[in-house]
$ cat input.pdb   # PDB, C-alpha atoms
ATOM      1  CA  MET J1267    -203.495 -96.924  40.720
ATOM      2  CA  ASP J1268    -207.012 -98.141  41.536
ATOM      3  CA  PRO J1269    -209.004 -95.200  42.996
ATOM      4  CA  ALA J1270    -210.386 -97.576  45.627
ATOM      5  CA  ASP J1271    -206.857 -98.008  47.007
ATOM      6  CA  ILE J1272    -206.046 -94.309  47.279
ATOM      7  CA  ILE J1273    -205.705 -92.806  50.739
ATOM      8  CA  GLY J1274    -206.853 -89.196  50.683
ATOM      9  CA  PRO J1275    -206.630 -86.284  53.097
ATOM     10  CA  VAL J1276    -208.307 -86.336  56.494
ATOM     11  CA  GLU J1277    -211.878 -85.218  55.816
ATOM     12  CA  GLY J1278    -212.755 -81.774  57.114
ATOM     13  CA  THR J1279    -216.289 -82.901  57.902
ATOM     14  CA  LYS J1280    -214.936 -85.514  60.329
ATOM     15  CA  VAL J1281    -211.941 -83.738  61.876
ATOM     16  CA  PRO J1282    -211.960 -79.907  61.906
ATOM     17  CA  ARG J1283    -209.466 -78.443  59.491
ATOM     18  CA  PHE J1284    -207.564 -76.674  62.265
ATOM     19  CA  ALA J1285    -206.823 -80.043  63.902
ATOM     20  CA  GLY J1286    -205.396 -83.385  62.870
ATOM     21  CA  ALA J1287    -202.284 -84.148  60.841
ATOM     22  CA  SER J1288    -199.759 -81.391  60.139
ATOM     23  CA  THR J1289    -198.957 -82.695  56.646
ATOM     24  CA  PHE J1290    -199.828 -80.715  53.522
ATOM     25  CA  ALA J1291    -203.637 -80.659  53.228
ATOM     26  CA  ARG J1292    -203.558 -83.400  55.907
ATOM     27  CA  LEU J1293    -202.452 -85.943  53.326
ATOM     28  CA  PRO J1294    -200.852 -89.226  54.425
ATOM     29  CA  ARG J1295    -197.127 -89.324  55.072
ATOM     30  CA  VAL J1296    -195.022 -91.150  52.516
ATOM     31  CA  ASP J1297    -194.436 -94.008  54.979
ATOM     32  CA  GLU J1298    -198.189 -94.540  55.390
ATOM     33  CA  VAL J1299    -198.793 -95.759  51.833
ATOM     34  CA  THR J1300    -197.426 -98.589  49.727
ATOM     35  CA  ASP J1301    -197.102 -96.465  46.585
ATOM     36  CA  PHE J1302    -197.761 -92.908  45.434
ATOM     37  CA  ASP J1303    -198.146 -90.717  42.344
ATOM     38  CA  VAL J1304    -197.133 -87.295  43.703
ATOM     39  CA  ALA J1305    -194.805 -86.455  46.581
ATOM     40  CA  ILE J1306    -194.741 -83.076  48.300
ATOM     41  CA  LEU J1307    -191.259 -82.374  49.667
ATOM     42  CA  GLY J1308    -190.215 -79.507  51.910
ATOM     43  CA  ALA J1309    -186.848 -77.855  51.270
ATOM     44  CA  PRO J1310    -186.354 -75.474  54.220
ATOM     45  CA  PHE J1311    -183.255 -73.660  52.982
ATOM     46  CA  ASP J1312    -182.717 -69.915  52.493
ATOM     47  CA  GLY J1313    -178.934 -69.608  52.416
ATOM     48  CA  GLY J1314    -179.066 -68.296  48.849
ATOM     49  CA  VAL J1315    -181.159 -65.167  49.396
ATOM     50  CA  SER J1316    -179.896 -61.724  48.422
ATOM     51  CA  TYR J1317    -182.340 -59.542  50.381
ATOM     52  CA  ARG J1318    -184.876 -60.648  52.997
ATOM     53  CA  PRO J1319    -184.354 -64.071  54.626
ATOM     54  CA  GLY J1320    -186.941 -66.346  56.246
ATOM     55  CA  ALA J1321    -187.909 -68.765  53.458
ATOM     56  CA  ARG J1322    -186.462 -71.619  55.544
ATOM     57  CA  PHE J1323    -189.766 -71.371  57.429
ATOM     58  CA  GLY J1324    -191.768 -71.569  54.203
ATOM     59  CA  PRO J1325    -192.558 -75.302  54.107
ATOM     60  CA  SER J1326    -194.059 -75.367  57.595
ATOM     61  CA  ALA J1327    -196.058 -72.181  56.954
ATOM     62  CA  VAL J1328    -197.427 -73.498  53.655
ATOM     63  CA  ARG J1329    -198.451 -76.750  55.315
ATOM     64  CA  GLN J1330    -200.185 -74.823  58.089
ATOM     65  CA  ALA J1331    -202.044 -72.653  55.557
ATOM     66  CA  SER J1332    -203.051 -75.751  53.577
ATOM     67  CA  ARG J1333    -205.382 -76.706  56.440
ATOM     68  CA  HIS J1334    -207.709 -74.067  55.027
ATOM     69  CA  LEU J1335    -208.110 -75.937  51.732
ATOM     70  CA  ARG J1336    -211.146 -78.036  50.896
ATOM     71  CA  PRO J1337    -209.287 -80.533  48.755
ATOM     72  CA  ALA J1338    -212.054 -82.987  47.886
ATOM     73  CA  TYR J1339    -213.176 -81.455  44.565
ATOM     74  CA  HIS J1340    -211.710 -78.720  42.358
ATOM     75  CA  PRO J1341    -214.600 -77.218  40.357
ATOM     76  CA  ASP J1342    -212.442 -75.029  38.106
ATOM     77  CA  VAL J1343    -210.646 -77.998  36.556
ATOM     78  CA  ASP J1344    -213.436 -80.490  37.294
ATOM     79  CA  VAL J1345    -211.428 -83.082  39.179
ATOM     80  CA  SER J1346    -211.161 -84.681  42.602
ATOM     81  CA  PRO J1347    -207.352 -84.686  42.581
ATOM     82  CA  PHE J1348    -206.772 -86.907  45.583
ATOM     83  CA  ARG J1349    -209.155 -89.534  44.219
ATOM     84  CA  VAL J1350    -207.184 -89.653  40.968
ATOM     85  CA  LEU J1351    -203.632 -89.422  42.310
ATOM     86  CA  GLN J1352    -202.156 -90.826  45.497
ATOM     87  CA  ALA J1353    -200.426 -87.792  46.929
ATOM     88  CA  VAL J1354    -198.189 -87.928  49.979
ATOM     89  CA  ASP J1355    -196.229 -85.574  52.177
ATOM     90  CA  ALA J1356    -192.586 -86.647  52.109
ATOM     91  CA  GLY J1357    -191.550 -84.357  54.964
ATOM     92  CA  ASP J1358    -188.607 -81.963  54.928
ATOM     93  CA  VAL J1359    -185.052 -82.384  53.701
ATOM     94  CA  PRO J1360    -182.628 -81.830  56.622
ATOM     95  CA  CYS J1361    -180.753 -79.080  54.762
ATOM     96  CA  ASN J1362    -177.364 -77.872  55.955
ATOM     97  CA  PRO J1363    -178.029 -74.176  56.749
ATOM     98  CA  PHE J1364    -174.353 -73.181  56.445
ATOM     99  CA  ASP J1365    -173.230 -74.824  53.182
ATOM    100  CA  ILE J1366    -175.126 -74.119  49.957
ATOM    101  CA  ASP J1367    -173.586 -76.918  47.923
ATOM    102  CA  GLU J1368    -174.097 -79.486  50.671
ATOM    103  CA  ALA J1369    -177.731 -78.401  51.057
ATOM    104  CA  LEU J1370    -178.241 -78.756  47.303
ATOM    105  CA  ARG J1371    -176.762 -82.268  47.382
ATOM    106  CA  GLN J1372    -179.075 -83.210  50.239
ATOM    107  CA  ILE J1373    -182.139 -81.941  48.377
ATOM    108  CA  THR J1374    -181.117 -83.695  45.160
ATOM    109  CA  ASP J1375    -180.577 -86.983  47.005
ATOM    110  CA  HIS J1376    -183.962 -86.828  48.755
ATOM    111  CA  ALA J1377    -185.797 -85.726  45.627
ATOM    112  CA  GLY J1378    -184.081 -88.423  43.591
ATOM    113  CA  GLU J1379    -185.499 -91.089  45.894
ATOM    114  CA  LEU J1380    -189.023 -89.832  45.190
ATOM    115  CA  VAL J1381    -188.970 -89.182  41.436
ATOM    116  CA  SER J1382    -189.509 -91.903  38.843
ATOM    117  CA  ASP J1383    -191.002 -92.230  35.366
ATOM    118  CA  ARG J1384    -194.427 -92.324  37.010
ATOM    119  CA  ARG J1385    -193.960 -90.446  40.268
ATOM    120  CA  ARG J1386    -194.062 -86.654  40.259
ATOM    121  CA  LEU J1387    -192.546 -84.187  42.687
ATOM    122  CA  VAL J1388    -193.740 -80.874  44.111
ATOM    123  CA  THR J1389    -191.103 -79.093  46.189
ATOM    124  CA  ILE J1390    -192.019 -76.422  48.718
ATOM    125  CA  GLY J1391    -189.168 -73.981  49.403
ATOM    126  CA  GLY J1392    -187.113 -72.483  50.725
ATOM    127  CA  ASP J1393    -185.547 -69.896  48.472
ATOM    128  CA  HIS J1394    -185.274 -70.365  44.731
ATOM    129  CA  THR J1395    -181.818 -71.915  45.023
ATOM    130  CA  VAL J1396    -183.534 -75.209  45.869
ATOM    131  CA  ALA J1397    -184.923 -75.424  42.326
ATOM    132  CA  LEU J1398    -181.447 -76.269  41.028
ATOM    133  CA  ALA J1399    -181.304 -79.307  43.302
ATOM    134  CA  ALA J1400    -184.803 -80.453  42.340
ATOM    135  CA  LEU J1401    -184.016 -80.003  38.657
ATOM    136  CA  ARG J1402    -180.922 -82.174  38.996
ATOM    137  CA  ALA J1403    -183.031 -84.966  40.479
ATOM    138  CA  VAL J1404    -185.800 -84.653  37.892
ATOM    139  CA  VAL J1405    -183.400 -84.554  34.936
ATOM    140  CA  GLY J1406    -181.716 -87.661  36.311
ATOM    141  CA  THR J1407    -184.962 -89.493  35.526
ATOM    142  CA  HIS J1408    -186.507 -87.586  32.618
ATOM    143  CA  GLY J1409    -183.547 -86.036  30.872
ATOM    144  CA  PRO J1410    -183.394 -82.297  30.047
ATOM    145  CA  VAL J1411    -186.664 -80.443  30.560
ATOM    146  CA  ALA J1412    -188.516 -77.335  29.449
ATOM    147  CA  VAL J1413    -188.890 -74.929  32.352
ATOM    148  CA  VAL J1414    -191.968 -72.780  32.838
ATOM    149  CA  HIS J1415    -190.745 -70.166  35.279
ATOM    150  CA  LEU J1416    -193.219 -67.809  36.979
ATOM    151  CA  ASP J1417    -191.304 -65.070  38.767
ATOM    152  CA  ALA J1418    -190.691 -61.351  39.030
ATOM    153  CA  HIS J1419    -187.003 -61.985  38.309
ATOM    154  CA  LEU J1420    -185.049 -63.766  35.580
ATOM    155  CA  ASP J1421    -182.806 -65.741  37.984
ATOM    156  CA  THR J1422    -180.178 -66.126  35.268
ATOM    157  CA  TRP J1423    -177.526 -63.822  36.724
ATOM    158  CA  ASP J1424    -173.952 -65.096  36.859
ATOM    159  CA  THR J1425    -172.736 -64.526  40.422
ATOM    160  CA  TYR J1426    -173.712 -62.490  43.447
ATOM    161  CA  PHE J1427    -170.839 -61.325  45.673
ATOM    162  CA  GLY J1428    -168.813 -64.103  44.076
ATOM    163  CA  ALA J1429    -171.358 -66.842  44.882
ATOM    164  CA  GLU J1430    -172.320 -68.955  41.874
ATOM    165  CA  ARG J1431    -175.306 -70.772  43.375
ATOM    166  CA  THR J1432    -177.894 -68.372  44.774
ATOM    167  CA  HIS J1433    -181.584 -67.763  44.280
ATOM    168  CA  GLY J1434    -180.771 -65.316  41.460
ATOM    169  CA  THR J1435    -178.443 -67.589  39.468
ATOM    170  CA  VAL J1436    -180.317 -70.887  39.535
ATOM    171  CA  PHE J1437    -181.419 -71.108  35.893
ATOM    172  CA  ARG J1438    -178.080 -69.960  34.497
ATOM    173  CA  ARG J1439    -176.437 -72.812  36.395
ATOM    174  CA  ALA J1440    -179.170 -75.188  35.220
ATOM    175  CA  ALA J1441    -178.505 -74.249  31.590
ATOM    176  CA  GLU J1442    -174.755 -74.603  32.031
ATOM    177  CA  GLU J1443    -175.243 -78.069  33.556
ATOM    178  CA  GLY J1444    -177.319 -79.200  30.578
ATOM    179  CA  LEU J1445    -180.520 -79.559  32.588
ATOM    180  CA  LEU J1446    -182.609 -77.454  30.183
ATOM    181  CA  LEU J1447    -183.674 -78.246  26.640
ATOM    182  CA  PRO J1448    -182.408 -75.646  24.152
ATOM    183  CA  ASP J1449    -184.839 -72.801  23.456
ATOM    184  CA  ALA J1450    -187.769 -74.530  25.157
ATOM    185  CA  SER J1451    -188.230 -72.568  28.381
ATOM    186  CA  THR J1452    -190.308 -69.516  29.286
ATOM    187  CA  HIS J1453    -190.188 -66.846  31.976
ATOM    188  CA  ILE J1454    -193.590 -65.378  32.895
ATOM    189  CA  GLY J1455    -194.295 -62.353  35.097
ATOM    190  CA  ILE J1456    -190.888 -60.670  34.889
ATOM    191  CA  ARG J1457    -190.841 -57.027  35.951
ATOM    192  CA  GLY J1458    -188.847 -54.381  37.777
ATOM    193  CA  PRO J1459    -185.482 -52.777  37.067
ATOM    194  CA  LEU J1460    -182.357 -54.749  36.170
ATOM    195  CA  TYR J1461    -178.669 -54.326  36.905
ATOM    196  CA  ASP J1462    -177.909 -53.929  33.193
ATOM    197  CA  ALA J1463    -179.660 -54.176  29.823
ATOM    198  CA  ALA J1464    -177.208 -56.973  28.999
ATOM    199  CA  ASP J1465    -179.090 -59.190  31.497
ATOM    200  CA  LEU J1466    -181.824 -59.617  28.884
ATOM    201  CA  VAL J1467    -179.331 -60.544  26.168
ATOM    202  CA  ASP J1468    -177.635 -63.086  28.441
ATOM    203  CA  ASP J1469    -180.970 -64.607  29.336
ATOM    204  CA  ILE J1470    -181.777 -65.471  25.722
ATOM    205  CA  ARG J1471    -178.525 -67.430  25.504
ATOM    206  CA  PHE J1472    -179.830 -69.776  28.200
ATOM    207  CA  GLY J1473    -182.849 -70.776  26.148
ATOM    208  CA  PHE J1474    -185.587 -68.612  27.648
ATOM    209  CA  SER J1475    -188.320 -66.524  26.105
ATOM    210  CA  THR J1476    -189.809 -63.868  28.370
ATOM    211  CA  VAL J1477    -193.388 -62.776  28.943
ATOM    212  CA  ARG J1478    -193.181 -59.704  31.147
ATOM    213  CA  ALA J1479    -195.964 -58.867  33.592
ATOM    214  CA  ALA J1480    -197.025 -55.948  31.374
ATOM    215  CA  ASP J1481    -197.175 -58.291  28.362
ATOM    216  CA  PHE J1482    -199.663 -60.478  30.210
ATOM    217  CA  ASP J1483    -202.161 -57.600  30.332
ATOM    218  CA  ARG J1484    -202.032 -57.372  26.535
ATOM    219  CA  LEU J1485    -201.775 -61.065  25.637
ATOM    220  CA  GLY J1486    -204.068 -62.790  28.137
ATOM    221  CA  VAL J1487    -203.945 -66.355  29.439
ATOM    222  CA  ALA J1488    -204.681 -68.205  26.199
ATOM    223  CA  GLU J1489    -201.942 -66.472  24.201
ATOM    224  CA  VAL J1490    -199.337 -66.856  26.960
ATOM    225  CA  VAL J1491    -200.087 -70.553  27.434
ATOM    226  CA  GLY J1492    -200.053 -71.008  23.667
ATOM    227  CA  ARG J1493    -196.524 -69.630  23.580
ATOM    228  CA  VAL J1494    -195.491 -71.901  26.432
ATOM    229  CA  ARG J1495    -196.875 -74.964  24.658
ATOM    230  CA  GLU J1496    -195.247 -74.016  21.365
ATOM    231  CA  ARG J1497    -191.818 -73.652  22.955
ATOM    232  CA  ALA J1498    -192.066 -76.766  25.126
ATOM    233  CA  GLY J1499    -193.486 -78.978  22.391
ATOM    234  CA  ASP J1500    -194.053 -82.454  23.826
ATOM    235  CA  ALA J1501    -191.099 -82.245  26.235
ATOM    236  CA  PRO J1502    -191.325 -82.911  29.971
ATOM    237  CA  VAL J1503    -192.045 -79.663  31.802
ATOM    238  CA  TYR J1504    -190.639 -78.467  35.104
ATOM    239  CA  LEU J1505    -192.855 -75.749  36.591
ATOM    240  CA  SER J1506    -191.160 -73.287  38.949
ATOM    241  CA  VAL J1507    -193.330 -70.784  40.822
ATOM    242  CA  ASP J1508    -191.647 -68.038  42.803
ATOM    243  CA  ILE J1509    -194.435 -66.605  44.922
ATOM    244  CA  ASP J1510    -193.130 -63.107  44.159
ATOM    245  CA  VAL J1511    -194.683 -63.448  40.699
ATOM    246  CA  LEU J1512    -197.688 -62.175  42.641
ATOM    247  CA  ASP J1513    -197.897 -58.490  43.441
ATOM    248  CA  PRO J1514    -196.848 -57.743  47.063
ATOM    249  CA  ALA J1515    -200.480 -56.891  47.765
ATOM    250  CA  PHE J1516    -201.208 -60.599  47.283
ATOM    251  CA  ALA J1517    -197.891 -61.983  48.565
ATOM    252  CA  PRO J1518    -196.152 -59.620  50.986
ATOM    253  CA  GLY J1519    -194.241 -62.426  52.708
ATOM    254  CA  THR J1520    -191.419 -62.933  50.246
ATOM    255  CA  GLY J1521    -187.738 -62.163  50.038
ATOM    256  CA  THR J1522    -187.567 -59.798  47.045
ATOM    257  CA  PRO J1523    -190.969 -58.190  46.417
ATOM    258  CA  GLU J1524    -191.618 -56.238  43.207
ATOM    259  CA  ILE J1525    -194.702 -54.112  42.627
ATOM    260  CA  GLY J1526    -196.782 -54.532  39.494
ATOM    261  CA  GLY J1527    -197.226 -58.288  39.709
ATOM    262  CA  PHE J1528    -200.058 -60.706  39.061
ATOM    263  CA  THR J1529    -203.201 -60.946  41.119
ATOM    264  CA  SER J1530    -203.921 -64.290  42.737
ATOM    265  CA  ARG J1531    -206.752 -64.911  40.267
ATOM    266  CA  GLU J1532    -204.482 -64.230  37.281
ATOM    267  CA  LEU J1533    -201.879 -66.663  38.565
ATOM    268  CA  LEU J1534    -204.413 -69.422  39.173
ATOM    269  CA  SER J1535    -206.005 -68.903  35.740
ATOM    270  CA  LEU J1536    -202.592 -69.301  34.150
ATOM    271  CA  LEU J1537    -201.707 -72.427  36.137
ATOM    272  CA  ARG J1538    -205.015 -74.106  35.312
ATOM    273  CA  ALA J1539    -204.370 -73.710  31.580
ATOM    274  CA  LEU J1540    -200.908 -75.299  31.582
ATOM    275  CA  PRO J1541    -200.299 -78.755  30.031
ATOM    276  CA  GLY J1542    -200.716 -80.884  33.147
ATOM    277  CA  GLU J1543    -199.945 -84.073  31.250
ATOM    278  CA  GLN J1544    -196.389 -82.785  30.652
ATOM    279  CA  VAL J1545    -195.626 -81.379  34.101
ATOM    280  CA  VAL J1546    -193.314 -83.932  35.704
ATOM    281  CA  ALA J1547    -192.313 -81.765  38.662
ATOM    282  CA  ALA J1548    -192.871 -78.360  40.183
ATOM    283  CA  ASP J1549    -191.696 -76.110  42.958
ATOM    284  CA  VAL J1550    -193.303 -73.270  44.893
ATOM    285  CA  VAL J1551    -190.650 -71.136  46.557
ATOM    286  CA  GLU J1552    -189.713 -67.886  48.320
ATOM    287  CA  VAL J1553    -192.467 -67.811  50.963
ATOM    288  CA  SER J1554    -190.961 -65.903  53.900
ATOM    289  CA  PRO J1555    -193.394 -66.097  56.843
ATOM    290  CA  PRO J1556    -191.653 -63.418  58.979
ATOM    291  CA  PHE J1557    -192.756 -60.833  56.398
ATOM    292  CA  ASP J1558    -196.236 -62.272  55.889
ATOM    293  CA  HIS J1559    -199.484 -60.962  57.284
ATOM    294  CA  ALA J1560    -202.507 -63.079  58.219
ATOM    295  CA  GLU J1561    -201.078 -66.021  56.198
ATOM    296  CA  ILE J1562    -201.777 -64.182  52.922
ATOM    297  CA  THR J1563    -198.632 -65.431  51.215
ATOM    298  CA  SER J1564    -198.570 -68.929  52.664
ATOM    299  CA  LEU J1565    -202.234 -69.427  51.762
ATOM    300  CA  ALA J1566    -201.491 -68.301  48.209
ATOM    301  CA  ALA J1567    -198.607 -70.781  48.013
ATOM    302  CA  ALA J1568    -200.688 -73.622  49.479
ATOM    303  CA  THR J1569    -203.385 -72.947  46.904
ATOM    304  CA  VAL J1570    -200.805 -72.945  44.113
ATOM    305  CA  VAL J1571    -199.491 -76.341  45.259
ATOM    306  CA  TYR J1572    -203.023 -77.719  45.351
ATOM    307  CA  ASP J1573    -203.841 -76.294  41.918
ATOM    308  CA  VAL J1574    -200.676 -77.744  40.391
ATOM    309  CA  ILE J1575    -201.614 -81.210  41.670
ATOM    310  CA  ALA J1576    -205.183 -80.708  40.447
ATOM    311  CA  VAL J1577    -203.907 -79.854  36.953
ATOM    312  CA  MET J1578    -201.764 -83.009  36.998
ATOM    313  CA  ALA J1579    -204.793 -85.036  38.077
ATOM    314  CA  ALA J1580    -207.100 -83.478  35.474
ATOM    315  CA  ALA J1581    -204.741 -84.673  32.755
ATOM    316  CA  HIS J1582    -205.411 -88.242  33.970
ATOM    317  CA  GLY J1583    -209.175 -87.749  34.086
ATOM    318  CA  ASP J1584    -211.426 -88.473  37.057
ATOM    319  CA  PRO J1585    -212.737 -92.056  36.839
ATOM    320  CA  ARG J1586    -215.512 -91.260  39.316
ATOM    321  CA  HIS J1587    -217.213 -88.784  36.995
TER     322      HIS J1587
END

$ encode --input "input.pdb" --output "structure tokens"
Amino acid sequence: MDPADIIGPVEGTKVPRFAGASTFARLPRVDEVTDFDVAILGAPFDGGVSYRPGARFGPSAVRQASRHLRPAYHPDVDVSPFRVLQAVDAGDVPCNPFDIDEALRQITDHAGELVSDRRRLVTIGGDHTVALAALRAVVGTHGPVAVVHLDAHLDTWDTYFGAERTHGTVFRRAAEEGLLLPDASTHIGIRGPLYDAADLVDDIRFGFSTVRAADFDRLGVAEVVGRVRERAGDAPVYLSVDIDVLDPAFAPGTGTPEIGGFTSRELLSLLRALPGEQVVAADVVEVSPPFDHAEITSLAAATVVYDVIAVMAAAHGDPRH
């Protein structure tokens, strides 16, 4: 797309950031452009949570927090992302709050209308269950993917109270459905106690390697990203960010907090080193505003969304430099 044709966010020097459009970073709506490169889609569903609810309010809270961003230029990855990529806000999926499978179908249908060989998707949740729906849509276009999963939890459990599709079973179901490439995916940030030691053995069967939060202290960003790249090879990558990968000090507003997590700076450093040219889709999930304070968690999530798009844009290069 010609940079001269790109419609960017409402400029904060012309309209104060606390005013104007309520879209993510005050980007244009999908119906306001003739074409786009990246769509941001809200999935306000939290019927799959096992502890604290409220993530259904995540998309609106993340959009509100995104007003704080100054999205013109990202100095850490040296790109003006919204001059390189036409990004749009595709609104929210009208998810059925009472039927998990119906909600997943609705999300998959909406996401499928946005994804193509060229168009990328960033989903704002909602609980982590919504990642299964987004993965189904993405794989429908790109085929099986390598998942880079940043989370405190494995999310490869079998069932919870007999339910097969919850926020803790999403990647087991994805593997069983053939959505994941064999032995190409990586968990990062895992910590906390488990139900059973066998959980770790099961997880390997679904094609994941794990970098625990404590491992990150020893390995550092370069080594962790090197492992991710080695496992993914040149495959399309689906990036899934559960905001609880951050320590509760940096993200208190989430459904299943675990102490000992990443700092915000550590998370951003990791994201900025990922292979943006391979990331075909991403999600940022599990923001629960009722448990947040002073928009700490929603601002972290909004920044993660912005950084993911910036990394995608940096892989294209900024023609205005």

$ resolve_selection --input "input.pdb" --expression "the PyMOL selection byres ((chain J and resi 1342-1345) around 10)" --output "ChimeraX atom specification"
/J:1338-1341,1346-1350,1534-1535,1538-1539,1573,1576-1587

$ resolve_selection --input "input.pdb" --expression "the PyMOL selection byres ((chain J and resi 1388) around 7)" --output "PyMOL selection string"
chain J and resi 1305-1307+1386-1387+1389-1390+1547-1549

$ atom_distance --input "input.pdb" --atom1 "atom CA of Val1467 of chain J" --atom2 "atom CA of Pro1541 of chain J"
28.0 Å

$ atom_distance --input "input.pdb" --atom1 "atom CA of Phe1516 of chain J" --atom2 "atom CA of Phe1284 of chain J"
22.9 Å

$ atom_distance --input "input.pdb" --atom1 "atom CA of Val1299 of chain J" --atom2 "atom CA of Val1276 of chain J"
14.2 Å

$ residues_around --input "input.pdb" --residues "segment 1353-1370 of chain J" --least-positions-apart "5" --cutoff "6 Å" --atoms "only C-alpha atoms" --output "PDB file with C-alpha atoms, keeping the file's coordinate frame"
ATOM      1  CA  THR J1289    -198.957 -82.695  56.646  1.00  0.00           C
ATOM      2  CA  LEU J1293    -202.452 -85.943  53.326  1.00  0.00           C
ATOM      3  CA  PRO J1294    -200.852 -89.226  54.425  1.00  0.00           C
ATOM      4  CA  ARG J1295    -197.127 -89.324  55.072  1.00  0.00           C
ATOM      5  CA  VAL J1296    -195.022 -91.150  52.516  1.00  0.00           C
ATOM      6  CA  PHE J1302    -197.761 -92.908  45.434  1.00  0.00           C
ATOM      7  CA  ASP J1303    -198.146 -90.717  42.344  1.00  0.00           C
ATOM      8  CA  VAL J1304    -197.133 -87.295  43.703  1.00  0.00           C
ATOM      9  CA  ALA J1305    -194.805 -86.455  46.581  1.00  0.00           C
ATOM     10  CA  ILE J1306    -194.741 -83.076  48.300  1.00  0.00           C
ATOM     11  CA  LEU J1307    -191.259 -82.374  49.667  1.00  0.00           C
ATOM     12  CA  GLY J1308    -190.215 -79.507  51.910  1.00  0.00           C
ATOM     13  CA  ALA J1309    -186.848 -77.855  51.270  1.00  0.00           C
ATOM     14  CA  ALA J1399    -181.304 -79.307  43.302  1.00  0.00           C
TER      15      ALA J1399
END

$ build_atoms --input "input.pdb" --residues "segment 1558-1569 of chain J" --atoms "N, CA and C atoms" --output "CSV table (one decimal), keeping the file's coordinate frame"
chain,number,residue,atom,x,y,z
J,1558,ASP,N,-194.9,-62.0,56.3
J,1558,ASP,CA,-196.2,-62.3,55.9
J,1558,ASP,C,-197.2,-61.6,56.9
J,1559,HIS,N,-198.4,-61.5,56.4
J,1559,HIS,CA,-199.5,-61.0,57.3
J,1559,HIS,C,-200.7,-61.8,57.1
J,1560,ALA,N,-201.3,-62.3,58.2
J,1560,ALA,CA,-202.5,-63.1,58.2
J,1560,ALA,C,-202.5,-64.3,57.3
J,1561,GLU,N,-201.3,-64.8,57.1
J,1561,GLU,CA,-201.1,-66.0,56.2
J,1561,GLU,C,-201.4,-65.8,54.7
J,1562,ILE,N,-201.4,-64.5,54.3
J,1562,ILE,CA,-201.8,-64.2,52.9
J,1562,ILE,C,-200.9,-64.9,51.9
J,1563,THR,N,-199.6,-64.8,52.2
J,1563,THR,CA,-198.6,-65.4,51.2
J,1563,THR,C,-198.6,-66.9,51.3
J,1564,SER,N,-198.6,-67.5,52.5
J,1564,SER,CA,-198.6,-68.9,52.7
J,1564,SER,C,-199.9,-69.6,52.2
J,1565,LEU,N,-201.0,-68.9,52.3
J,1565,LEU,CA,-202.2,-69.4,51.8
J,1565,LEU,C,-202.2,-69.4,50.2
J,1566,ALA,N,-201.6,-68.3,49.7
J,1566,ALA,CA,-201.5,-68.3,48.2
J,1566,ALA,C,-200.6,-69.5,47.7
J,1567,ALA,N,-199.5,-69.7,48.4
J,1567,ALA,CA,-198.6,-70.8,48.0
J,1567,ALA,C,-199.3,-72.1,48.2
J,1568,ALA,N,-200.0,-72.3,49.3
J,1568,ALA,CA,-200.7,-73.6,49.5
J,1568,ALA,C,-201.7,-73.9,48.4
J,1569,THR,N,-202.4,-72.8,48.0
J,1569,THR,CA,-203.4,-72.9,46.9
J,1569,THR,C,-202.7,-73.3,45.6
